[in-house]
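Peer 1: Below is one structure. I have some questions about it.
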Amino acid sequence: MTDPITEDVNGFDESAYDAELDARWRDFRLRLADYLADLSVGQRFTVYDLVTDHEVITAHADAVAVADDRLELVVASGRLAESAADRAARIELLRAKGWQMHGDDTIVLGFDRRHVDAAAVAVEHAFREVWDVPDPAYLAGDEDQTARFFAP
């Protein structure tokens, strides 16, 4: 008897799936870089996951134009994970990519405003590798109370 759920498993093309997923993350980076390039000094752009349960710590990062020539990415360490061990491990993942602790509860990575593409790569790393967000379709942005989405 043939199981209709698994009958096409042998035809699954993992490389095509990976290429499509990488393309979605590339589109995310391009859109995010465009949003970041348009920030005015003092303006904030927030990227967050679309988890609707408010009792759960959700992935959340802010990009702030702190000066005409500076952009900072900011993550509250409390949003990294509930357990202290998981939070410490995720902090180390960010620190390995150049993020720095500010006080006990904030991790920051600064960029020259001309390098919004590099900032978008850093945000992708945070969501994809640190928080394990599988696809940018699960992410949204907020710019001055205006929702921005990254799914095509």
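All residue names refer to the structure tokens as shown: chains lettered A, B, ... in order, residues numbered from 1 in each chain, ligands numbered from 1 in order.
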Using backbone DSSP assignments, extract all strand (DSSP E or B) residues from chain A; output them as a VMD selection string.

Peer 2: chain A and resid 44 to 49 60 to 67 70 to 76 100 to 102 106 to 112 139 to 143 146 to 149

Peer 1: At a cut-off of 12 Å, using only C-alpha atoms, what residues contact Pro136 of chain A? Leave out same-chain residues fewer than 5 positions from it and give the result as a PyMOL selection string.

Peer 2: chain A and resi 20-32+47-50+123-128+131+141+149-152

Peer 1: Please produce a file of those selected residues containing N, CA and C atoms, as a CSV table (one decimal), in the first residue's frame.

Peer 2:
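Contents of out_26.csv, freshly written:
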chain,number,residue,atom,x,y,z
A,20,GLU,N,15.8,27.9,-2.2
A,20,GLU,CA,14.7,28.7,-2.0
A,20,GLU,C,14.6,29.4,-0.7
A,21,LEU,N,15.0,28.7,0.4
A,21,LEU,CA,15.1,29.3,1.7
A,21,LEU,C,16.1,30.4,1.8
A,22,ASP,N,17.3,30.1,1.2
A,22,ASP,CA,18.4,31.1,1.2
A,22,ASP,C,17.9,32.4,0.4
A,23,ALA,N,17.2,32.2,-0.7
A,23,ALA,CA,16.6,33.3,-1.5
A,23,ALA,C,15.7,34.1,-0.6
A,24,ARG,N,14.8,33.5,0.2
A,24,ARG,CA,13.9,34.2,1.1
A,24,ARG,C,14.7,35.1,2.1
A,25,TRP,N,15.8,34.5,2.7
A,25,TRP,CA,16.6,35.2,3.6
A,25,TRP,C,17.3,36.4,2.9
A,26,ARG,N,17.7,36.2,1.7
A,26,ARG,CA,18.4,37.2,0.9
A,26,ARG,C,17.4,38.4,0.7
A,27,ASP,N,16.2,38.1,0.3
A,27,ASP,CA,15.2,39.1,0.1
A,27,ASP,C,14.9,39.8,1.4
A,28,PHE,N,14.9,39.1,2.5
A,28,PHE,CA,14.7,39.7,3.8
A,28,PHE,C,15.8,40.8,4.1
A,29,ARG,N,17.1,40.4,3.8
A,29,ARG,CA,18.2,41.3,4.0
A,29,ARG,C,18.1,42.5,3.1
A,30,LEU,N,17.7,42.3,1.9
A,30,LEU,CA,17.6,43.5,1.0
A,30,LEU,C,16.5,44.4,1.4
A,31,ARG,N,15.3,43.9,1.8
A,31,ARG,CA,14.2,44.8,2.3
A,31,ARG,C,14.6,45.5,3.6
A,32,LEU,N,15.2,44.7,4.5
A,32,LEU,CA,15.6,45.3,5.7
A,32,LEU,C,16.7,46.4,5.5
A,47,VAL,N,12.4,44.7,14.4
A,47,VAL,CA,12.1,43.4,13.8
A,47,VAL,C,11.8,42.4,14.9
A,48,TYR,N,10.7,41.7,14.7
A,48,TYR,CA,10.3,40.7,15.7
A,48,TYR,C,9.6,39.6,15.1
A,49,ASP,N,9.5,38.5,15.8
A,49,ASP,CA,8.8,37.3,15.3
A,49,ASP,C,7.3,37.5,15.5
A,50,LEU,N,6.5,36.7,14.8
A,50,LEU,CA,5.1,36.9,14.9
A,50,LEU,C,4.4,35.9,15.8
A,123,VAL,N,21.4,41.2,11.5
A,123,VAL,CA,20.0,41.0,12.0
A,123,VAL,C,19.6,39.6,11.6
A,124,GLU,N,19.9,39.2,10.3
A,124,GLU,CA,19.6,37.9,9.9
A,124,GLU,C,20.3,36.8,10.7
A,125,HIS,N,21.5,37.0,11.1
A,125,HIS,CA,22.2,36.1,11.9
A,125,HIS,C,21.5,35.9,13.3
A,126,ALA,N,21.1,37.1,13.8
A,126,ALA,CA,20.4,37.0,15.1
A,126,ALA,C,19.2,36.2,15.1
A,127,PHE,N,18.4,36.4,14.1
A,127,PHE,CA,17.1,35.7,14.0
A,127,PHE,C,17.3,34.3,13.5
A,128,ARG,N,18.1,34.1,12.5
A,128,ARG,CA,18.3,32.7,11.9
A,128,ARG,C,19.1,31.8,12.8
A,131,TRP,N,18.1,32.9,17.4
A,131,TRP,CA,16.8,32.5,17.8
A,131,TRP,C,16.2,31.4,17.0
A,141,GLY,N,8.2,43.8,10.8
A,141,GLY,CA,8.9,45.0,11.2
A,141,GLY,C,7.9,46.0,11.7
A,149,PHE,N,6.4,44.0,6.4
A,149,PHE,CA,6.5,42.5,6.3
A,149,PHE,C,7.6,42.1,5.4
A,150,PHE,N,8.2,40.9,5.6
A,150,PHE,CA,9.3,40.5,4.8
A,150,PHE,C,9.0,39.4,3.9
A,151,ALA,N,7.7,38.8,4.0
A,151,ALA,CA,7.3,37.7,3.1
A,151,ALA,C,7.0,38.3,1.7
A,152,PRO,N,7.3,37.6,0.6
A,152,PRO,CA,6.9,38.1,-0.7
A,152,PRO,C,5.4,38.2,-0.9

Peer 1: Determine which residues of segment 44-138 of chain A DSSP labels as alpha helix (DSSP H) from the backbone of this structure, then write them out as a VMD selection string.

Peer 2: chain A and resid 84 to 95 116 to 125

Peer 1: Take the residues from that selection and put them in a file with N, CA and C atoms, as a compact mmCIF listing (two decimals), in the first residue's frame.

Peer 2:
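The new file result_17.txt reads:
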# COMPACT_ATOMS: atom_id res chain seq x y z
N ALA A 84 18.59 31.08 32.12
CA ALA A 84 19.87 31.79 32.18
C ALA A 84 20.93 31.09 31.33
N ALA A 85 20.93 29.76 31.31
CA ALA A 85 21.92 29.02 30.53
C ALA A 85 21.73 29.26 29.03
N ASP A 86 20.48 29.20 28.57
CA ASP A 86 20.21 29.44 27.15
C ASP A 86 20.53 30.89 26.78
N ARG A 87 20.19 31.81 27.67
CA ARG A 87 20.47 33.23 27.43
C ARG A 87 21.97 33.46 27.31
N ALA A 88 22.76 32.88 28.20
CA ALA A 88 24.22 33.03 28.16
C ALA A 88 24.79 32.46 26.86
N ALA A 89 24.28 31.32 26.43
CA ALA A 89 24.76 30.71 25.19
C ALA A 89 24.45 31.60 23.99
N ARG A 90 23.27 32.20 23.99
CA ARG A 90 22.89 33.06 22.87
C ARG A 90 23.67 34.38 22.90
N ILE A 91 23.95 34.87 24.08
CA ILE A 91 24.80 36.07 24.19
C ILE A 91 26.17 35.79 23.58
N GLU A 92 26.70 34.62 23.85
CA GLU A 92 28.01 34.26 23.30
C GLU A 92 27.96 34.15 21.78
N LEU A 93 26.86 33.64 21.23
CA LEU A 93 26.72 33.59 19.77
C LEU A 93 26.76 35.00 19.17
N LEU A 94 26.11 35.94 19.83
CA LEU A 94 26.14 37.32 19.34
C LEU A 94 27.51 37.95 19.54
N ARG A 95 28.11 37.74 20.70
CA ARG A 95 29.42 38.33 20.98
C ARG A 95 30.48 37.81 20.00
N VAL A 116 24.45 49.56 5.79
CA VAL A 116 23.16 48.97 6.15
C VAL A 116 23.07 47.50 5.70
N ASP A 117 23.77 47.15 4.64
CA ASP A 117 23.76 45.75 4.20
C ASP A 117 24.40 44.85 5.24
N ALA A 118 25.50 45.30 5.82
CA ALA A 118 26.16 44.52 6.88
C ALA A 118 25.27 44.45 8.12
N ALA A 119 24.56 45.52 8.42
CA ALA A 119 23.63 45.51 9.55
C ALA A 119 22.51 44.51 9.31
N ALA A 120 22.01 44.45 8.08
CA ALA A 120 20.95 43.49 7.75
C ALA A 120 21.45 42.05 7.88
N VAL A 121 22.71 41.80 7.51
CA VAL A 121 23.30 40.47 7.68
C VAL A 121 23.37 40.12 9.17
N ALA A 122 23.73 41.09 10.00
CA ALA A 122 23.80 40.85 11.46
C ALA A 122 22.42 40.55 12.04
N VAL A 123 21.40 41.23 11.55
CA VAL A 123 20.04 40.95 12.01
C VAL A 123 19.61 39.56 11.56
N GLU A 124 19.92 39.22 10.32
CA GLU A 124 19.61 37.86 9.85
C GLU A 124 20.28 36.83 10.75
N HIS A 125 21.54 37.02 11.06
CA HIS A 125 22.24 36.07 11.93
C HIS A 125 21.53 35.93 13.26

Peer 1: So how far away is atom CA of Gly78 of chain A from atom CA of Asp104 of chain A, in Å?

Peer 2: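 For atom CA of Asp104 of chain A relative to atom CA of Gly78 of chain A, the distance reads 9.6 Å.
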
Peer 1: Which residue is closest to Ala67 of chain A? Choose from A:Gly110, A:Gly98, A:Gly103, A:Pro134 and count only C-alpha atoms.

Peer 2: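 Checking each candidate against Ala67 of chain A, we get A:Gly110 as the closest.
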
Peer 1: I want to know what sits within 6 Å of Asp112 of chain A, based on only C-alpha atoms, with residues of the same chain fewer than 3 positions away left out; could you give that as a ChimeraX atom specification?

Peer 2: /A:69-70,115

Peer 1: Write the residues of the preceding selection, restricted to N, CA and C atoms, as a short mmCIF file (atom, residue, chain, number, x, y, z; two decimals), in the first residue's frame.

Peer 2:
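Produced file out-v9.cif, reproduced below:
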data_model
loop_
_atom_site.label_atom_id
_atom_site.label_comp_id
_atom_site.auth_asym_id
_atom_site.auth_seq_id
_atom_site.Cartn_x
_atom_site.Cartn_y
_atom_site.Cartn_z
N ASP A 69 25.74 59.46 10.96
CA ASP A 69 26.66 58.46 10.42
C ASP A 69 26.72 57.17 11.22
N ARG A 70 25.81 56.96 12.19
CA ARG A 70 25.85 55.76 13.03
C ARG A 70 24.49 55.08 13.13
N HIS A 115 26.75 51.25 5.92
CA HIS A 115 26.85 49.80 5.90
C HIS A 115 25.56 49.11 6.34
#

Peer 1: For Val133 of chain A, which residue among A:Thr106, A:Ser15, A:Thr58, A:Ser77 is the nearest when counting only C-alpha atoms?

Peer 2: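 Nearest to Val133 of chain A: A:Thr58.
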
Peer 1: Just how far from atom CA of Arg113 of chain A is atom CA of Ala137 of chain A, in Å to one decimal?

Peer 2: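 About the pair atom CA of Ala137 of chain A and atom CA of Arg113 of chain A: they are 26.0 Å apart.
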
Peer 1: Considering only C-alpha atoms, can you say which of A:Leu73, A:Val41, A:Val130, A:Ala65 comes closest to Ile107 of chain A?

Peer 2: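 When distances to Ile107 of chain A are compared using only C-alpha atoms, the smallest one comes from A:Leu73.
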